[in-house]
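Encoded as structure tokens, the structure appears first; notes follow it.
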Amino acid sequence: MTATLKDLRPAYVAGIGFHRYQFISETPYVELGLTAVRAALADAALPWEAVESAYFAKALLPMAPGRAMLRHLGATGLPIVHVENASASGSAAFRHACMEVAAGLADIVLVVGVDKPMPVSRAESLARIGNLADDAFAPFTHFALLADAYASRTGASVEDIALVAVKNHRNGSMNQFAQHQKVRSLDEILGGKKIAGGFTSLQCTPVGEGAAAVIVASEEGLRRCGLGLDRAVRVVSSAGRSQRVYDDATRYDAMLTEETAAIALRDAQITAAHLDVVELHDAFTVEEVEYVEAMGLCGDGEAIPLLKEGAFDIGGRCAVSASGGLISMGHPIGPTGVGQIGEITRQLRGEAGARQQPGARTGLAHMVGVGAVCYVHVLQRP
Amino acid sequence: MDDLLKPTLYRPEGTPDAPTHPALLGGVCAGGHVFFPLQHYGCERCGSVDLKPKALSGVGRLLASARVHLHAGKSREAPFTVGSIQLDDGPIVRTLILDHDAALQAGTRMATTLVRVADAEGRACLDLRFEPEANAR
């Protein structure tokens with residue numbers, strides 16, 4: 001019998017920090033990342049010297065960017081691991097930081113995600129397995145097909161699915177770190193540039209640059225630095241999975257989400273009904289409706305009626321993508337999963353200001369990445 | 001007949017079940033898992049390397065489709081239509097659908113056809129598309 005995170009020494013998120021997600025600029029990645037790390041250290045009230053280990057999440061930057069950035073905080077000699085796991089890079093890095101603290105191998109660990117858009121190719125294309133027309137399929141094409149299938153399966157309209165973007169742009173308009181910070185009407189969203197199927201540009205995530213950082217710590221580590229658990233948020237479960245062969249092969253993202261979320265909820269000893277805030281991989285509108293159903297926030301085909309009722313709004317029964325999600329906050333890839341943890345932590349501390357979900361006690365962060373891989377974390381206020 | 005653009009993936013001849021539609025060149029594992037395209041690295045379902053070629057009938061059912069309005073690749077000009085099709089032999093393929101006027105409905109019976117295209121050097125060749133079976137020549 002293997003242990004779950006909850007069986008081990010408690011791991012807490014003790015500090016969070018961001019550099020705004022933004023369109024590509026001349027800002028060096030070092031500046032993006034240091035801004036987020038210094039903010040996380042300040043938020044935790046911890047000195048850099050207290051950090052014993054670092055995980056650096058990136059998917060687009062070239063090899064070994066970690067020490068070249070972190071040395072400007074003082075080259076303490078701490079171990080640095082780079083994590084590349086496509087869109088889930090930051091989530092995977094966070095999981096391993098939690099495992100290191102929970103195992104007792106370190107007391108205070110940094111997780112930082114930094115990226116800037118750069119040309120990359122997928123390793124799968126090097127396998128020399130032919131394809132009929134993969135050059136015709138961008139991520140938005142894949143999800144446009146899923147949106148068409150969702151509409152056929154549930155009777156949802158293009159307008160219904162686009163309501164996800166209305167909600168998430170509204171949430172992002174209140175987030176100073178979001179790439180898009182503007183309220184958008186349904187007409188504005190539907191009238192935007194056509195991309196594929198029913199998708200217009202405002203229903204698709206912007207991939208820009210940015211950084212997010214969190215400090216994962218044990219209670220012992222915090223007390224040694226003269227700190228307590230006042231603003232700490234416990235990581236109660238962590239689950240990671242990769243795609244299997246599913247009966248409905250086109251819905252692998254949802255199937256993978258279903259099984260990964262089920263593990264995370266089981267290990268946290270809760271059900272989806274306990275969740276107050278959820279950050280999920282809403283790179284495209286249809287993903288949010290697929291994933292809230294897959295993780296059990298509602299039944300199959302129930303997401304759209306609940307979305308219309310406001311159940312997933314801030315103030316609703318579970319605030320989904322209160323940060324603005326990938327659609328509005330943005331998706332700089334390496335930072336995204338780390339940023340989700342930052343948002344959940346902010347919500348569970350009750351420090352989210354205008355975006356605060358009232359009484360938030362339990363939150364879930366979910367990411368999928370090309371491959372496909374999936375990570376789900378559940379966090380709770382002690 | 002012109003050369004095929006991707007002869008490792010399809011052939012002009014059909015199968016006994018769909019003789020008039022080009023077959024897709026898939027594989028079957030010793031455990032019975034049918035897949036496309038053929039590869040010899042190992043079965044995704046069970047890991048077996050006992051994989052044999054299997055010609056798949058070029059007919060199936062449309063699961064979803066989308067008209068693509070924006071495309072970054074230089075090799076293909078938008079708009080074009082893509083779809084996912086569940087082959088009668090099992091595998092799901094995603095590929096181009098022959099340009100059409102009417103909206104496609106999920107569940108539509110689809111079939112393969114070869115169309116003339118230009119390869120990277122501009123030479124005429126044949127590539128595979130799906131179209132509604134009712135329109136198939």
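For the structure tokens, the naming scheme is as follows: chains receive sequential letters (A, B, ...) according to their order of presentation, residues are indexed from 1 within each chain, and ligands are indexed from 1 in presentation order.
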- Residues at most 12 Å from A:Arg128, counting only C-alpha atoms, excluding those fewer than 4 positions away in the same chain, as a list in words?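 Near neighbours after the sequence-gap exclusion: Ala123 and Glu124 of chain A; Thr8, Pro37, Leu38, Gln39, His40 and Tyr41 of chain B.
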- Task: Tell me which protein, DNA and RNA residues are within 12 Å of stretch 118-120 of chain B, counting only C-alpha atoms, leaving out same-chain ones fewer than 5 positions away, and put them as a list in words.
- Result: Asp2, Asp3, Leu4, Leu5, Lys6, Lys74, Ser75, Arg76, Cys125, Leu126 and Asp127 of chain B
Preceding selection exported with C-alpha atoms as an mmCIF file, in the first residue's frame:
data_model
loop_
_atom_site.group_PDB
_atom_site.id
_atom_site.type_symbol
_atom_site.label_atom_id
_atom_site.label_comp_id
_atom_site.auth_asym_id
_atom_site.auth_seq_id
_atom_site.Cartn_x
_atom_site.Cartn_y
_atom_site.Cartn_z
ATOM 1 C CA ASP B 2 -0.791 10.161 -60.167
ATOM 2 C CA ASP B 3 1.406 9.096 -57.256
ATOM 3 C CA LEU B 4 -0.054 9.086 -53.777
ATOM 4 C CA LEU B 5 1.089 11.883 -51.424
ATOM 5 C CA LYS B 6 1.249 9.507 -48.429
ATOM 6 C CA LYS B 74 2.027 28.133 -44.804
ATOM 7 C CA SER B 75 1.328 24.803 -46.488
ATOM 8 C CA ARG B 76 -2.437 25.089 -46.195
ATOM 9 C CA CYS B 125 -0.333 13.812 -56.680
ATOM 10 C CA LEU B 126 -3.318 12.292 -54.892
ATOM 11 C CA ASP B 127 -4.224 12.773 -51.237
#
- Query: What lies within 9 Å of B:Lys54 using only C-alpha atoms, ignoring chain neighbours under 2 positions off, as a PyMOL selection string?
  - Reply: chain B and resi 24-28+34-35+38+52+56
Write to file, as a compact mmCIF listing (two decimals), in the first residue's frame, the residues of the selection just made, with N, CA and C atoms.
# COMPACT_ATOMS: atom_id res chain seq x y z
N LEU B 24 -7.53 2.58 -45.66
CA LEU B 24 -6.50 3.15 -44.79
C LEU B 24 -5.61 2.01 -44.31
N LEU B 25 -4.31 2.27 -44.20
CA LEU B 25 -3.37 1.21 -43.87
C LEU B 25 -3.07 1.24 -42.37
N GLY B 26 -3.84 0.44 -41.65
CA GLY B 26 -3.71 0.38 -40.20
C GLY B 26 -3.03 -0.90 -39.77
N GLY B 27 -3.28 -1.26 -38.52
CA GLY B 27 -2.67 -2.46 -37.99
C GLY B 27 -3.56 -3.10 -36.94
N VAL B 28 -3.22 -4.32 -36.58
CA VAL B 28 -3.95 -5.01 -35.53
C VAL B 28 -2.94 -5.74 -34.65
N VAL B 34 -7.27 -2.75 -32.88
CA VAL B 34 -7.10 -2.23 -34.24
C VAL B 34 -6.71 -0.77 -34.15
N PHE B 35 -5.70 -0.37 -34.92
CA PHE B 35 -5.21 1.00 -34.80
C PHE B 35 -4.82 1.56 -36.17
N LEU B 38 -0.43 2.32 -39.21
CA LEU B 38 0.42 1.19 -38.83
C LEU B 38 1.72 1.70 -38.21
N LYS B 52 0.42 -6.54 -36.77
CA LYS B 52 0.35 -6.93 -38.19
C LYS B 52 -0.42 -5.87 -38.97
N LEU B 56 -7.92 -1.01 -43.51
CA LEU B 56 -9.18 -0.59 -42.88
C LEU B 56 -10.11 -0.01 -43.94
Tell me as a PDB file with N, CA and C atoms, in the first residue's frame which residues belonging to chain B come within 7 Å of chain A, counting only C-alpha atoms.
ATOM      1  N   LEU B   9       0.067   5.471 -45.812  1.00  0.00           N
ATOM      2  CA  LEU B   9      -1.138   5.646 -44.990  1.00  0.00           C
ATOM      3  C   LEU B   9      -2.413   5.155 -45.664  1.00  0.00           C
ATOM      4  N   PRO B  37      -2.304   5.068 -37.681  1.00  0.00           N
ATOM      5  CA  PRO B  37      -1.732   4.295 -38.775  1.00  0.00           C
ATOM      6  C   PRO B  37      -0.904   3.117 -38.264  1.00  0.00           C
ATOM      7  N   GLN B  39       2.148   1.084 -37.139  1.00  0.00           N
ATOM      8  CA  GLN B  39       3.456   1.357 -36.543  1.00  0.00           C
ATOM      9  C   GLN B  39       3.944   0.062 -35.914  1.00  0.00           C
ATOM     10  N   ARG B  45      -2.419  -0.247 -26.434  1.00  0.00           N
ATOM     11  CA  ARG B  45      -3.320  -0.804 -25.421  1.00  0.00           C
ATOM     12  C   ARG B  45      -2.609  -1.811 -24.517  1.00  0.00           C
ATOM     13  N   LEU B  63     -18.103  12.035 -36.357  1.00  0.00           N
ATOM     14  CA  LEU B  63     -18.319  12.365 -34.947  1.00  0.00           C
ATOM     15  C   LEU B  63     -18.442  13.873 -34.750  1.00  0.00           C
ATOM     16  N   ALA B  64     -17.616  14.630 -35.462  1.00  0.00           N
ATOM     17  CA  ALA B  64     -17.634  16.091 -35.323  1.00  0.00           C
ATOM     18  C   ALA B  64     -16.920  16.700 -36.510  1.00  0.00           C
ATOM     19  N   SER B  65     -17.233  17.961 -36.771  1.00  0.00           N
ATOM     20  CA  SER B  65     -16.532  18.675 -37.853  1.00  0.00           C
ATOM     21  C   SER B  65     -16.401  20.133 -37.466  1.00  0.00           C
ATOM     22  N   ALA B  66     -15.482  20.824 -38.111  1.00  0.00           N
ATOM     23  CA  ALA B  66     -15.286  22.261 -37.851  1.00  0.00           C
ATOM     24  C   ALA B  66     -14.708  22.910 -39.094  1.00  0.00           C
ATOM     25  N   ARG B  67     -15.231  24.066 -39.411  1.00  0.00           N
ATOM     26  CA  ARG B  67     -14.679  24.885 -40.479  1.00  0.00           C
ATOM     27  C   ARG B  67     -13.554  25.708 -39.864  1.00  0.00           C
ATOM     28  N   VAL B  68     -12.351  25.605 -40.404  1.00  0.00           N
ATOM     29  CA  VAL B  68     -11.199  26.333 -39.872  1.00  0.00           C
ATOM     30  C   VAL B  68     -11.039  27.637 -40.660  1.00  0.00           C
ATOM     31  N   HIS B  69     -11.102  28.756 -39.926  1.00  0.00           N
ATOM     32  CA  HIS B  69     -11.038  30.071 -40.582  1.00  0.00           C
ATOM     33  C   HIS B  69      -9.657  30.691 -40.508  1.00  0.00           C
ATOM     34  N   LEU B  70      -8.856  30.240 -39.560  1.00  0.00           N
ATOM     35  CA  LEU B  70      -7.543  30.840 -39.342  1.00  0.00           C
ATOM     36  C   LEU B  70      -6.524  29.718 -39.220  1.00  0.00           C
ATOM     37  N   GLY B  83     -12.567  17.070 -39.760  1.00  0.00           N
ATOM     38  CA  GLY B  83     -13.551  16.254 -39.061  1.00  0.00           C
ATOM     39  C   GLY B  83     -12.906  15.093 -38.348  1.00  0.00           C
ATOM     40  N   THR B  95      -9.047  14.238 -39.912  1.00  0.00           N
ATOM     41  CA  THR B  95      -8.410  14.662 -41.151  1.00  0.00           C
ATOM     42  C   THR B  95      -9.285  15.678 -41.879  1.00  0.00           C
ATOM     43  N   LEU B  96      -8.910  15.958 -43.113  1.00  0.00           N
ATOM     44  CA  LEU B  96      -9.610  16.965 -43.914  1.00  0.00           C
ATOM     45  C   LEU B  96     -10.861  16.370 -44.539  1.00  0.00           C
ATOM     46  N   ALA B 106     -23.303  15.493 -37.203  1.00  0.00           N
ATOM     47  CA  ALA B 106     -22.715  14.312 -36.564  1.00  0.00           C
ATOM     48  C   ALA B 106     -23.579  13.102 -36.900  1.00  0.00           C
TER      49      ALA B 106
END
- Message: I'd like the contact shell of A:Thr336 - 8 Å cut-off, only C-alpha atoms, skipping same-chain residues fewer than 6 positions apart - returned as a list in words.
- Response: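 Near neighbours after the sequence-gap exclusion: Ser87, Ala88, Gly90, Ser91, Gly113, Ala212, Leu326 and Gly330 of chain A.
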- Query: For B:Gly14, which of B:Ile85, B:Ile92, B:Val49, B:Ala55 is the closest residue, counting only C-alpha atoms?
  - Reply: B:Ala55
- Within 9 Å of B:Leu62 using only C-alpha atoms, minus same-chain residues under 4 positions, as a PyMOL selection string: chain B and resi 83-87+104-110+132
- Task: Using DSSP on the backbone coordinates, identify all residues within stretch 224-365 of chain A classified as strand (DSSP E or B); present the result as a list in words.
- Result: Val233, Arg234, Val235, Val236, Ser237, Ser238, Ala239, Gly240, Arg241, Ser242, Val277, Val278, Glu279, Phe284, Ala319, Val320, Thr362, Gly363, Leu364 and Ala365 of chain A
Selected residues written out, C-alpha atoms, as a short mmCIF file (atom, residue, chain, number, x, y, z; two decimals), in the first residue's frame:
data_model
loop_
_atom_site.label_atom_id
_atom_site.label_comp_id
_atom_site.auth_asym_id
_atom_site.auth_seq_id
_atom_site.Cartn_x
_atom_site.Cartn_y
_atom_site.Cartn_z
CA VAL A 233 -2.94 26.81 2.88
CA ARG A 234 -2.53 23.05 3.08
CA VAL A 235 -2.05 20.91 -0.01
CA VAL A 236 -4.25 17.95 0.88
CA SER A 237 -3.88 15.88 -2.29
CA SER A 238 -1.94 15.66 -5.51
CA ALA A 239 -2.71 13.42 -8.47
CA GLY A 240 -0.94 13.01 -11.80
CA ARG A 241 -1.97 10.76 -14.69
CA SER A 242 -1.37 10.29 -18.39
CA VAL A 277 -13.15 27.39 -5.99
CA VAL A 278 -11.77 25.61 -9.05
CA GLU A 279 -9.10 26.72 -11.47
CA PHE A 284 -10.90 27.01 -24.96
CA ALA A 319 -16.40 29.78 -8.47
CA VAL A 320 -14.76 28.36 -11.59
CA THR A 362 -11.53 24.13 -0.32
CA GLY A 363 -10.10 24.62 -3.80
CA LEU A 364 -8.99 22.48 -6.71
CA ALA A 365 -6.45 23.21 -9.45
#
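Residue nearest B:Pro79 within the list B:Glu121, B:Glu44, B:Asp17, B:Asp99: B:Asp99 [criterion: smallest interatomic distance, only C-alpha atoms].
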- Which neighbours of B:Asp88 fall inside 9 Å, counting only C-alpha atoms, when residues of the same chain fewer than 6 positions from it are skipped, and could you give them as a list of chain:residue names?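 The filter keeps B:Leu56, B:Ser57, B:Gly58, B:Val59, B:Gly60, B:Arg61.
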- Surrounding residues of A:Thr4 excluding itself and chain neighbours under 5 positions, 12 Å, only C-alpha atoms, as a list in words: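 Near A:Thr4, the qualifying residues are Arg9, Pro10, Cys98, Met99, Ala102, Ala103, Val235, Val236, Ser237, Ser238, Ala239, Ile263, Ala264, Leu265, Arg266, Asp267, Ala268 and Gln269 of chain A.
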Keeping only N, CA and C atoms, write the selected residues to a file as a PDB file, in the first residue's frame.
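Contents of selection_6.pdb, freshly written:
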ATOM      1  N   ARG A   9       3.846  14.153   6.034  1.00  0.00           N
ATOM      2  CA  ARG A   9       3.958  15.428   6.752  1.00  0.00           C
ATOM      3  C   ARG A   9       3.233  16.522   5.960  1.00  0.00           C
ATOM      4  N   PRO A  10       2.399  17.345   6.604  1.00  0.00           N
ATOM      5  CA  PRO A  10       1.653  18.354   5.847  1.00  0.00           C
ATOM      6  C   PRO A  10       2.566  19.317   5.092  1.00  0.00           C
ATOM      7  N   CYS A  98       5.795  19.595  -3.458  1.00  0.00           N
ATOM      8  CA  CYS A  98       4.979  19.105  -2.333  1.00  0.00           C
ATOM      9  C   CYS A  98       5.503  17.769  -1.834  1.00  0.00           C
ATOM     10  N   MET A  99       5.865  16.891  -2.776  1.00  0.00           N
ATOM     11  CA  MET A  99       6.379  15.578  -2.387  1.00  0.00           C
ATOM     12  C   MET A  99       7.684  15.712  -1.603  1.00  0.00           C
ATOM     13  N   ALA A 102       6.700  17.029   1.856  1.00  0.00           N
ATOM     14  CA  ALA A 102       5.915  16.027   2.591  1.00  0.00           C
ATOM     15  C   ALA A 102       6.789  14.840   3.025  1.00  0.00           C
ATOM     16  N   ALA A 103       7.788  14.522   2.190  1.00  0.00           N
ATOM     17  CA  ALA A 103       8.684  13.407   2.516  1.00  0.00           C
ATOM     18  C   ALA A 103       9.699  13.791   3.583  1.00  0.00           C
ATOM     19  N   VAL A 235      -1.851  21.707   1.207  1.00  0.00           N
ATOM     20  CA  VAL A 235      -2.046  20.911  -0.011  1.00  0.00           C
ATOM     21  C   VAL A 235      -2.473  19.524   0.458  1.00  0.00           C
ATOM     22  N   VAL A 236      -3.753  19.190   0.289  1.00  0.00           N
ATOM     23  CA  VAL A 236      -4.252  17.949   0.876  1.00  0.00           C
ATOM     24  C   VAL A 236      -4.172  16.764  -0.080  1.00  0.00           C
ATOM     25  N   SER A 237      -4.085  17.018  -1.383  1.00  0.00           N
ATOM     26  CA  SER A 237      -3.877  15.878  -2.288  1.00  0.00           C
ATOM     27  C   SER A 237      -3.259  16.344  -3.586  1.00  0.00           C
ATOM     28  N   SER A 238      -2.612  15.395  -4.231  1.00  0.00           N
ATOM     29  CA  SER A 238      -1.944  15.662  -5.506  1.00  0.00           C
ATOM     30  C   SER A 238      -2.071  14.407  -6.362  1.00  0.00           C
ATOM     31  N   ALA A 239      -2.568  14.569  -7.574  1.00  0.00           N
ATOM     32  CA  ALA A 239      -2.710  13.419  -8.472  1.00  0.00           C
ATOM     33  C   ALA A 239      -2.157  13.770  -9.848  1.00  0.00           C
ATOM     34  N   ILE A 263      -9.088  10.695  -8.329  1.00  0.00           N
ATOM     35  CA  ILE A 263      -8.019  10.301  -7.413  1.00  0.00           C
ATOM     36  C   ILE A 263      -7.734  11.425  -6.411  1.00  0.00           C
ATOM     37  N   ALA A 264      -7.638  12.642  -6.920  1.00  0.00           N
ATOM     38  CA  ALA A 264      -7.321  13.777  -6.039  1.00  0.00           C
ATOM     39  C   ALA A 264      -8.416  13.988  -4.999  1.00  0.00           C
ATOM     40  N   LEU A 265      -9.669  13.865  -5.416  1.00  0.00           N
ATOM     41  CA  LEU A 265     -10.781  14.051  -4.466  1.00  0.00           C
ATOM     42  C   LEU A 265     -10.823  12.906  -3.452  1.00  0.00           C
ATOM     43  N   ARG A 266     -10.598  11.687  -3.936  1.00  0.00           N
ATOM     44  CA  ARG A 266     -10.579  10.527  -3.022  1.00  0.00           C
ATOM     45  C   ARG A 266      -9.476  10.696  -1.978  1.00  0.00           C
ATOM     46  N   ASP A 267      -8.279  11.073  -2.436  1.00  0.00           N
ATOM     47  CA  ASP A 267      -7.152  11.214  -1.509  1.00  0.00           C
ATOM     48  C   ASP A 267      -7.374  12.361  -0.523  1.00  0.00           C
ATOM     49  N   ALA A 268      -8.131  13.364  -0.969  1.00  0.00           N
ATOM     50  CA  ALA A 268      -8.440  14.490  -0.071  1.00  0.00           C
ATOM     51  C   ALA A 268      -9.604  14.148   0.859  1.00  0.00           C
ATOM     52  N   GLN A 269     -10.237  13.009   0.615  1.00  0.00           N
ATOM     53  CA  GLN A 269     -11.390  12.533   1.404  1.00  0.00           C
ATOM     54  C   GLN A 269     -12.545  13.525   1.352  1.00  0.00           C
TER      55      GLN A 269
END
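In terms of minimum interatomic distance to A:Met63, A:Asp115 ranks closest within A:Glu26, A:Glu259, A:Asp253, A:Asp115, counting only C-alpha atoms.
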- For the atom pair atom CA of A:Ser218 and atom CA of A:Ala97, what is the interatomic distance in Å to one decimal place? 11.1 Å
- Item | atom CA of A:Ile16 to atom CA of A:Ala213, distance in Å rounded to a single decimal | 5.7 Å
- Query: Mind pulling up the distance from atom CA of A:Thr76 to atom CA of A:Ile215?
  - Reply: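 The value is 16.5 Å.
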- Selected residue of minimal separation from A:Val216 among A:Ala283, A:Ala106, A:Ile327, A:Leu126, counting only C-alpha atoms: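 Smallest separation from A:Val216 among the options: A:Ala106.
Among the candidates A:Leu73, A:Leu256, A:Leu78, A:Leu60, the one nearest to A:Val120 when counting only C-alpha atoms is A:Leu60.
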- Task: Determine the nearest neighbour of A:Gly15 from the options A:Pro358, A:Gly353, A:Pro382, A:Pro47, counting only C-alpha atoms.
- Result: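 The closest residue to A:Gly15 is A:Pro47.
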